[in-house]
Every structure is written in structure tokens, then in C-alpha cells.
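Take a look at the structure set out below.
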Amino acid sequence: MSRPTSSSSDVIDFVVHNGNGVKGLVDTGLETVPEPYIQPLEERLDPTKFQPENSIPIIDVSNWDDPKVEDSICDAASKWGFFQIVNHGVPLEVLENLKNAAHSFFQLPSEERQKYLKENSPSEVVCLCTSFSPQAEKVLEWKDFLRLSWVSEDQASAFWPPRCMYSSCTSAQDLYPINLDSW
């Protein structure tokens, strides 16, 4: 895999159009962040406005029926844009297996990962992406992500990358012991 030149169009071709992603870019031995990933100064986080005494909101979801849970999620999402949930009922072993499956997938050769790019994927239940909308973004996001949607066990078995099938979960009910249909 050859390293793209420093021009923005070459980087976008390499990462997005050729499907190498940020992982492929890093694997070339890249030593500096390419221009398409650098935020303009006026859009960067101002460290003088950061309040270190505040922490990322941690939301206890052990009682989904408590109205405070919904209020906390809405508040955290609007003020922070993200939050951590605890007491969700997903066993630590399942979370570790998911994390290991993701690491395993991204260690695959580029050619193998490219089979799951949106335009190559055998199904909508699996999609490898870089950024959310690279054609529309002013600045690309420094990430690759694999979206795996659970429709049914049959579809997951048929279309998910084999390295992403984890043994500790046999069904969506194992992952989500709460009733998501009521949301």
C-alpha cells in the first residue's frame, strides 16, 4: 500500500474512495496529520473555556422507568454530546468480547476490511465507514468505524465479518435484556 501525497485530494482518495480508511493511512507510517483532518484554529476547542471540575456525565440506568434517567440522558446529550451509562445489565464479558472482536476486525488486511465498505457490503446490516459524511465534511474525522446492525441471528451469521461474531452472545436478548421495543 503506497502512501498518499500530502494533497487533500490524494488523502481523500486513499482514505475514502479507495477504502483504506484512517487505519490504512496510519499503516503507511504516517508521521504527521494530513491537512483534511486538521480543524481550523477558530473551530478548535478553547482550553481556557474548559471546566476541568466538571466530568463526563455518568448515568445510572438500573431503573429505566425512572423519569430522572430520561431527563439525565437528554441533559447530558444536549450539554455534553455524550455520556457514560452504568448498571445497564450488559455483562462485562460481553463488552470485552465486543471490544476484542472490533480490534480483531481492524487488524485484518485492508483488502479484507474493504469488503465491508458501504459500497461493497453484502448487506445493510454491516458497514465499514470513515467519518460520517466525508463528502460533506469540511474536516474529516480521524476515525474508522464498523457498524453492525442486529436484525436477526440469521442475518448476523450470514453477513457480519466472521471475526465479529462473538461466542458469549447467542441472541440480541443476551445483549439487551431490557425491552427496546418500548422506546
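By convention in this document, the chains of the C-alpha cells carry letters A, B, ... by their order, each chain's residues are numbered from 1, and ligands are numbered from 1 in the order they are shown.
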Filtered DSSP result for segment 86-131 of chain A, state helix (DSSP H, G or I), as a list in words
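Secondary structure check on segment 86-131 of chain A, helix (DSSP H, G or I): Leu92, Glu93, Val94, Leu95, Glu96, Asn97, Leu98, Lys99, Asn100, Ala101, Ala102, His103, Ser104, Phe105, Phe106, Ser110, Glu111, Glu112, Arg113, Gln114, Lys115 and Tyr116 of chain A.
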Residues of segment 81-162 of chain A that have any atom at most 7 Å from an atom of segment 65-77 of chain A: could you tabulate them with the shortest-distance atom pair and the distance in Å to one decimal, using only C-alpha atoms, ordered by chain and increasing number, as CSV?
```
residue,atom,partner,partner_atom,distance
A:Gly81,CA,A:Ala77,CA,4.3
A:Phe82,CA,A:Ala77,CA,5.3
A:Phe83,CA,A:Ala76,CA,6.2
```
Output for the residues just chosen: N, CA, C and O atoms as a compact mmCIF listing (two decimals), in the first residue's frame:
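Dumped to out_10.txt:
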```
# COMPACT_ATOMS: atom_id res chain seq x y z
N GLY A 81 -23.00 16.22 24.65
CA GLY A 81 -22.95 15.49 23.39
C GLY A 81 -22.67 14.01 23.58
O GLY A 81 -22.72 13.24 22.63
N PHE A 82 -22.36 13.60 24.78
CA PHE A 82 -22.11 12.20 25.08
C PHE A 82 -22.19 11.99 26.58
O PHE A 82 -22.24 12.94 27.35
N PHE A 83 -22.20 10.73 27.00
CA PHE A 83 -22.30 10.38 28.41
C PHE A 83 -21.93 8.92 28.57
O PHE A 83 -21.84 8.18 27.59
```
Mind checking which residues fall within 6 Å of Ile85 of chain A, counting only C-alpha atoms, ignoring those fewer than 5 positions away in the same chain, and posting them as a PyMOL selection string?
chain A and resi 58-60
Save out the residues we just selected, all heavy atoms, as a PDB file, in the first residue's frame.
```
ATOM      1  N   ILE A  58     -22.206  10.597  34.125  1.00  0.00           N
ATOM      2  CA  ILE A  58     -22.362   9.154  34.312  1.00  0.00           C
ATOM      3  C   ILE A  58     -23.805   8.926  34.736  1.00  0.00           C
ATOM      4  O   ILE A  58     -24.255   9.488  35.740  1.00  0.00           O
ATOM      5  CB  ILE A  58     -21.376   8.617  35.359  1.00  0.00           C
ATOM      6  CG1 ILE A  58     -19.938   8.868  34.884  1.00  0.00           C
ATOM      7  CG2 ILE A  58     -21.633   7.136  35.617  1.00  0.00           C
ATOM      8  CD1 ILE A  58     -18.881   8.540  35.916  1.00  0.00           C
ATOM      9  N   ILE A  59     -24.518   8.128  33.967  1.00  0.00           N
ATOM     10  CA  ILE A  59     -25.954   7.948  34.191  1.00  0.00           C
ATOM     11  C   ILE A  59     -26.242   6.503  34.570  1.00  0.00           C
ATOM     12  O   ILE A  59     -25.896   5.572  33.834  1.00  0.00           O
ATOM     13  CB  ILE A  59     -26.751   8.353  32.937  1.00  0.00           C
ATOM     14  CG1 ILE A  59     -26.452   9.819  32.598  1.00  0.00           C
ATOM     15  CG2 ILE A  59     -28.242   8.118  33.148  1.00  0.00           C
ATOM     16  CD1 ILE A  59     -26.978  10.273  31.260  1.00  0.00           C
ATOM     17  N   ASP A  60     -26.884   6.329  35.718  1.00  0.00           N
ATOM     18  CA  ASP A  60     -27.280   5.006  36.208  1.00  0.00           C
ATOM     19  C   ASP A  60     -28.617   4.648  35.559  1.00  0.00           C
ATOM     20  O   ASP A  60     -29.619   5.321  35.775  1.00  0.00           O
ATOM     21  CB  ASP A  60     -27.407   5.040  37.723  1.00  0.00           C
ATOM     22  CG  ASP A  60     -27.750   3.695  38.330  1.00  0.00           C
ATOM     23  OD1 ASP A  60     -28.243   2.799  37.610  1.00  0.00           O
ATOM     24  OD2 ASP A  60     -27.538   3.535  39.546  1.00  0.00           O
TER      25      ASP A  60
END
```
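Those residues that approach Val15 of chain A to within 8 Å, counting only C-alpha atoms, are A:Val11, A:Gly19, A:Asn20, A:Gly21, A:Val22, A:Gly24, A:Leu25, A:Thr130; same-chain residues fewer than 4 positions away are not listed.
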Could you pull the residues within 8 Å of Tyr116 of chain A, counting only C-alpha atoms, minus those fewer than 5 positions along the same chain, as a PyMOL selection string?
chain A and resi 121-122+126-128
Those residues with all heavy atoms, as a PDB file, in the first residue's frame please?
```
ATOM      1  N   SER A 121     -20.426  -3.734   0.775  1.00  0.00           N
ATOM      2  CA  SER A 121     -21.003  -4.609   1.791  1.00  0.00           C
ATOM      3  C   SER A 121     -22.104  -5.499   1.217  1.00  0.00           C
ATOM      4  O   SER A 121     -22.933  -5.036   0.433  1.00  0.00           O
ATOM      5  CB  SER A 121     -21.569  -3.779   2.942  1.00  0.00           C
ATOM      6  OG  SER A 121     -22.075  -4.642   3.945  1.00  0.00           O
ATOM      7  N   PRO A 122     -22.122  -6.769   1.638  1.00  0.00           N
ATOM      8  CA  PRO A 122     -23.137  -7.681   1.134  1.00  0.00           C
ATOM      9  C   PRO A 122     -24.540  -7.405   1.693  1.00  0.00           C
ATOM     10  O   PRO A 122     -25.521  -7.953   1.212  1.00  0.00           O
ATOM     11  CB  PRO A 122     -22.645  -9.050   1.595  1.00  0.00           C
ATOM     12  CG  PRO A 122     -21.811  -8.760   2.796  1.00  0.00           C
ATOM     13  CD  PRO A 122     -21.194  -7.418   2.551  1.00  0.00           C
ATOM     14  N   VAL A 126     -24.168  -4.523   7.881  1.00  0.00           N
ATOM     15  CA  VAL A 126     -22.755  -4.313   8.182  1.00  0.00           C
ATOM     16  C   VAL A 126     -22.205  -3.244   7.242  1.00  0.00           C
ATOM     17  O   VAL A 126     -22.482  -3.250   6.050  1.00  0.00           O
ATOM     18  CB  VAL A 126     -21.946  -5.639   8.085  1.00  0.00           C
ATOM     19  CG1 VAL A 126     -22.043  -6.240   6.715  1.00  0.00           C
ATOM     20  CG2 VAL A 126     -20.498  -5.437   8.479  1.00  0.00           C
ATOM     21  N   CYS A 127     -21.454  -2.302   7.820  1.00  0.00           N
ATOM     22  CA  CYS A 127     -20.937  -1.207   7.004  1.00  0.00           C
ATOM     23  C   CYS A 127     -19.678  -0.629   7.650  1.00  0.00           C
ATOM     24  O   CYS A 127     -19.710  -0.205   8.806  1.00  0.00           O
ATOM     25  CB  CYS A 127     -22.005  -0.127   6.869  1.00  0.00           C
ATOM     26  SG  CYS A 127     -21.468   1.290   5.918  1.00  0.00           S
ATOM     27  N   LEU A 128     -18.591  -0.618   6.905  1.00  0.00           N
ATOM     28  CA  LEU A 128     -17.343  -0.003   7.344  1.00  0.00           C
ATOM     29  C   LEU A 128     -17.311   1.423   6.795  1.00  0.00           C
ATOM     30  O   LEU A 128     -17.519   1.632   5.607  1.00  0.00           O
ATOM     31  CB  LEU A 128     -16.140  -0.794   6.828  1.00  0.00           C
ATOM     32  CG  LEU A 128     -14.761  -0.194   7.066  1.00  0.00           C
ATOM     33  CD1 LEU A 128     -14.466  -0.059   8.563  1.00  0.00           C
ATOM     34  CD2 LEU A 128     -13.691  -1.030   6.384  1.00  0.00           C
TER      35      LEU A 128
END
```
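Taking only segment 26-178 of chain A, the residues that DSSP calls strand (DSSP E) from the backbone come to Ile58, Ile59, Asp60, Gln84, Ile85, Val86, Val126, Cys127, Leu128, Cys129, Thr130, Asp144, Phe145, Leu146, Arg147 and Leu148 of chain A.
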Nearest to Ser157 of chain A by atom-to-atom distance, counting only C-alpha atoms, from A:Asn87, A:Ser55, A:Ser123, A:Thr48
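Using only C-alpha atoms, Ser157 of chain A sits closest to A:Ser123.
With distances restricted to only C-alpha atoms, A:Lys23 is the closest residue to Ser110 of chain A from A:Lys23, A:Arg163, A:Lys79, A:Arg44.
Our summary of the geometry notes that atom CA of Phe14 of chain A is positioned 26.4 Å from atom CA of Lys99 of chain A.
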Which of A:Asn100, A:Pro36, A:His88, A:Arg147 sits closest to Asp10 of chain A [using only C-alpha atoms]:
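Comparing A:Asn100, A:Pro36, A:His88, A:Arg147 against Asp10 of chain A, the winner is A:Pro36.
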Could you tell me how far atom CA of Cys164 of chain A lies from atom CA of Glu124 of chain A, in Å and to one decimal?
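For atom CA of Cys164 of chain A relative to atom CA of Glu124 of chain A, the distance reads 15.5 Å.
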Please indicate the distance in Å from atom CA of Pro91 of chain A to atom CA of Asn63 of chain A, rounded to one decimal place.
16.6 Å
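Of the listed residues A:Val61, A:Val90, A:Leu108, A:Cys129, the one whose atoms come nearest to Glu141 of chain A is A:Cys129, with distances taken using only C-alpha atoms.
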